[in-house]
Amino acid sequence: MLSITAVLVALALLTPVALAAVVQVDGEERLVLGPHYQYLEDPSGDQDLDTVVRSDRFKAEDLGMDPNLGYTASVWWVKTHLYSSECGRRLLELPFPTLDAVRVYLVERDSGKLLQRFTAGDLRPFAERPYLHYPKKSS
């Protein structure tokens with residue numbers, strides 16, 4: 001069975017920074033992050049978080065609202081720079097229900113300090129997922 005792995009690195013910006021790729025996440029509107037993603041392919045899957053956070057090999061590429069990297073044995077590291085002056089809670093929704101394993105790391109941009117880690121994917125039992133999602137009941 002082909003295992004699809006996606007890893008997202010969300011870099012938390014605790015102070016305003018003048019970077020073109022920074023996405024303001026205050027408010028409650030739905031934000032599309034796909035056009036802001038930067039990608040790093042890890043064909044062997046042996047890169048660790050510390051190495052990846054410091055990497056300059058990420059490529060910014062706008063693959064649209066719902067990026068699709070196809071089926072591959074590679075690990076894809078995806079990052080985006082987020083900023084919130086309100087420090088409120090937001091929901092990160094991935095439009096790919098067939099991803100086997102997803103790890104999301106919230107990392108402080110300047111220090112590289114890991115703030116939070118979440119795991120998800122269709123191979124994880126529902127009870128172990130960070131956000132319980134129940135299907136809508138039909139009327």
# chains A, B, ... in the order shown; residues from 1 in each chain; ligands from 1
call {"tool": "residues_around", "arguments": {"residues": "Leu40 (chain A)", "least_positions_apart": "6", "cutoff": "12 Å", "atoms": "only C-alpha atoms", "output": "PyMOL selection string"}}
result
chain A and resi 6-9+47+51-61+69+74-80
call {"tool": "write_last_selection", "arguments": {"atoms": "N, CA and C atoms", "output": "PDB file, in the first residue's frame"}}
result
ATOM      1  N   ALA A   6       1.960  13.897   4.459  1.00  0.00           N
ATOM      2  CA  ALA A   6       2.094  15.344   4.303  1.00  0.00           C
ATOM      3  C   ALA A   6       2.444  15.911   5.661  1.00  0.00           C
ATOM      4  N   VAL A   7       3.355  16.824   5.674  1.00  0.00           N
ATOM      5  CA  VAL A   7       3.744  17.465   6.913  1.00  0.00           C
ATOM      6  C   VAL A   7       3.624  18.958   6.707  1.00  0.00           C
ATOM      7  N   LEU A   8       2.920  19.617   7.582  1.00  0.00           N
ATOM      8  CA  LEU A   8       2.751  21.060   7.487  1.00  0.00           C
ATOM      9  C   LEU A   8       3.522  21.717   8.611  1.00  0.00           C
ATOM     10  N   VAL A   9       4.257  22.727   8.260  1.00  0.00           N
ATOM     11  CA  VAL A   9       4.971  23.504   9.263  1.00  0.00           C
ATOM     12  C   VAL A   9       4.365  24.900   9.228  1.00  0.00           C
ATOM     13  N   GLN A  47      14.308  13.568   6.755  1.00  0.00           N
ATOM     14  CA  GLN A  47      14.553  14.892   7.315  1.00  0.00           C
ATOM     15  C   GLN A  47      13.800  15.042   8.638  1.00  0.00           C
ATOM     16  N   THR A  51      15.968  20.328  10.992  1.00  0.00           N
ATOM     17  CA  THR A  51      16.639  20.516   9.703  1.00  0.00           C
ATOM     18  C   THR A  51      15.730  21.241   8.722  1.00  0.00           C
ATOM     19  N   VAL A  52      14.479  20.836   8.682  1.00  0.00           N
ATOM     20  CA  VAL A  52      13.539  21.410   7.724  1.00  0.00           C
ATOM     21  C   VAL A  52      13.229  22.863   8.059  1.00  0.00           C
ATOM     22  N   VAL A  53      13.040  23.185   9.326  1.00  0.00           N
ATOM     23  CA  VAL A  53      12.710  24.559   9.714  1.00  0.00           C
ATOM     24  C   VAL A  53      13.813  25.516   9.272  1.00  0.00           C
ATOM     25  N   ARG A  54      15.050  25.070   9.312  1.00  0.00           N
ATOM     26  CA  ARG A  54      16.185  25.926   8.944  1.00  0.00           C
ATOM     27  C   ARG A  54      16.552  25.842   7.456  1.00  0.00           C
ATOM     28  N   SER A  55      15.847  25.028   6.707  1.00  0.00           N
ATOM     29  CA  SER A  55      16.186  24.815   5.299  1.00  0.00           C
ATOM     30  C   SER A  55      15.880  26.040   4.442  1.00  0.00           C
ATOM     31  N   ASP A  56      16.737  26.281   3.466  1.00  0.00           N
ATOM     32  CA  ASP A  56      16.484  27.334   2.477  1.00  0.00           C
ATOM     33  C   ASP A  56      16.081  26.725   1.135  1.00  0.00           C
ATOM     34  N   ARG A  57      15.711  25.436   1.142  1.00  0.00           N
ATOM     35  CA  ARG A  57      15.347  24.740  -0.099  1.00  0.00           C
ATOM     36  C   ARG A  57      13.841  24.736  -0.383  1.00  0.00           C
ATOM     37  N   PHE A  58      13.048  25.391   0.454  1.00  0.00           N
ATOM     38  CA  PHE A  58      11.616  25.473   0.180  1.00  0.00           C
ATOM     39  C   PHE A  58      11.383  26.293  -1.081  1.00  0.00           C
ATOM     40  N   LYS A  59      10.397  25.875  -1.870  1.00  0.00           N
ATOM     41  CA  LYS A  59      10.050  26.595  -3.092  1.00  0.00           C
ATOM     42  C   LYS A  59       8.620  27.101  -2.977  1.00  0.00           C
ATOM     43  N   ALA A  60       8.459  28.394  -3.196  1.00  0.00           N
ATOM     44  CA  ALA A  60       7.118  28.974  -3.201  1.00  0.00           C
ATOM     45  C   ALA A  60       6.518  28.724  -4.573  1.00  0.00           C
ATOM     46  N   GLU A  61       5.354  28.116  -4.576  1.00  0.00           N
ATOM     47  CA  GLU A  61       4.679  27.835  -5.831  1.00  0.00           C
ATOM     48  C   GLU A  61       3.183  27.866  -5.573  1.00  0.00           C
ATOM     49  N   LEU A  69      -0.214  17.399  -4.975  1.00  0.00           N
ATOM     50  CA  LEU A  69       1.131  16.995  -5.374  1.00  0.00           C
ATOM     51  C   LEU A  69       1.153  15.592  -5.952  1.00  0.00           C
ATOM     52  N   SER A  74       7.394  10.179  -1.578  1.00  0.00           N
ATOM     53  CA  SER A  74       8.115  11.244  -0.884  1.00  0.00           C
ATOM     54  C   SER A  74       7.304  11.809   0.269  1.00  0.00           C
ATOM     55  N   VAL A  75       8.013  12.357   1.236  1.00  0.00           N
ATOM     56  CA  VAL A  75       7.388  13.182   2.265  1.00  0.00           C
ATOM     57  C   VAL A  75       7.445  14.607   1.738  1.00  0.00           C
ATOM     58  N   TRP A  76       6.329  15.300   1.809  1.00  0.00           N
ATOM     59  CA  TRP A  76       6.276  16.704   1.376  1.00  0.00           C
ATOM     60  C   TRP A  76       6.135  17.574   2.611  1.00  0.00           C
ATOM     61  N   TRP A  77       7.096  18.444   2.814  1.00  0.00           N
ATOM     62  CA  TRP A  77       7.022  19.439   3.871  1.00  0.00           C
ATOM     63  C   TRP A  77       6.412  20.684   3.257  1.00  0.00           C
ATOM     64  N   VAL A  78       5.397  21.195   3.901  1.00  0.00           N
ATOM     65  CA  VAL A  78       4.683  22.371   3.400  1.00  0.00           C
ATOM     66  C   VAL A  78       4.691  23.399   4.527  1.00  0.00           C
ATOM     67  N   LYS A  79       5.076  24.628   4.201  1.00  0.00           N
ATOM     68  CA  LYS A  79       5.065  25.636   5.264  1.00  0.00           C
ATOM     69  C   LYS A  79       4.399  26.905   4.770  1.00  0.00           C
ATOM     70  N   THR A  80       3.910  27.657   5.722  1.00  0.00           N
ATOM     71  CA  THR A  80       3.373  28.981   5.462  1.00  0.00           C
ATOM     72  C   THR A  80       3.612  29.816   6.713  1.00  0.00           C
TER      73      THR A  80
END
call {"tool": "atom_distance", "arguments": {"atom1": "CA of Gln116 (chain A)", "atom2": "CA of Asp66 (chain A)"}}
result
24.1 Å
call {"tool": "residues_around", "arguments": {"residues": "Gly27 (chain A)", "least_positions_apart": "3", "cutoff": "10 Å", "atoms": "only C-alpha atoms", "output": "PyMOL selection string"}}
result
chain A and resi 24+30-31+84-86+88-90
call {"tool": "closest_residue", "arguments": {"among": "A:Pro130, A:Gly70, A:Pro35, A:Gly45", "to": "Glu93 (chain A)", "atoms": "only C-alpha atoms"}}
result
A:Pro130
call {"tool": "closest_residue", "arguments": {"among": "A:Leu115, A:Leu82, A:Leu123, A:Leu49", "to": "Val22 (chain A)", "atoms": "only C-alpha atoms"}}
result
A:Leu82
call {"tool": "closest_residue", "arguments": {"among": "A:Asp62, A:Asp46, A:Asp100, A:Glu108", "to": "Pro125 (chain A)", "atoms": "only C-alpha atoms"}}
result
A:Asp100
call {"tool": "atom_distance", "arguments": {"atom1": "CA of Gln38 (chain A)", "atom2": "CA of Leu63 (chain A)"}}
result
9.9 Å
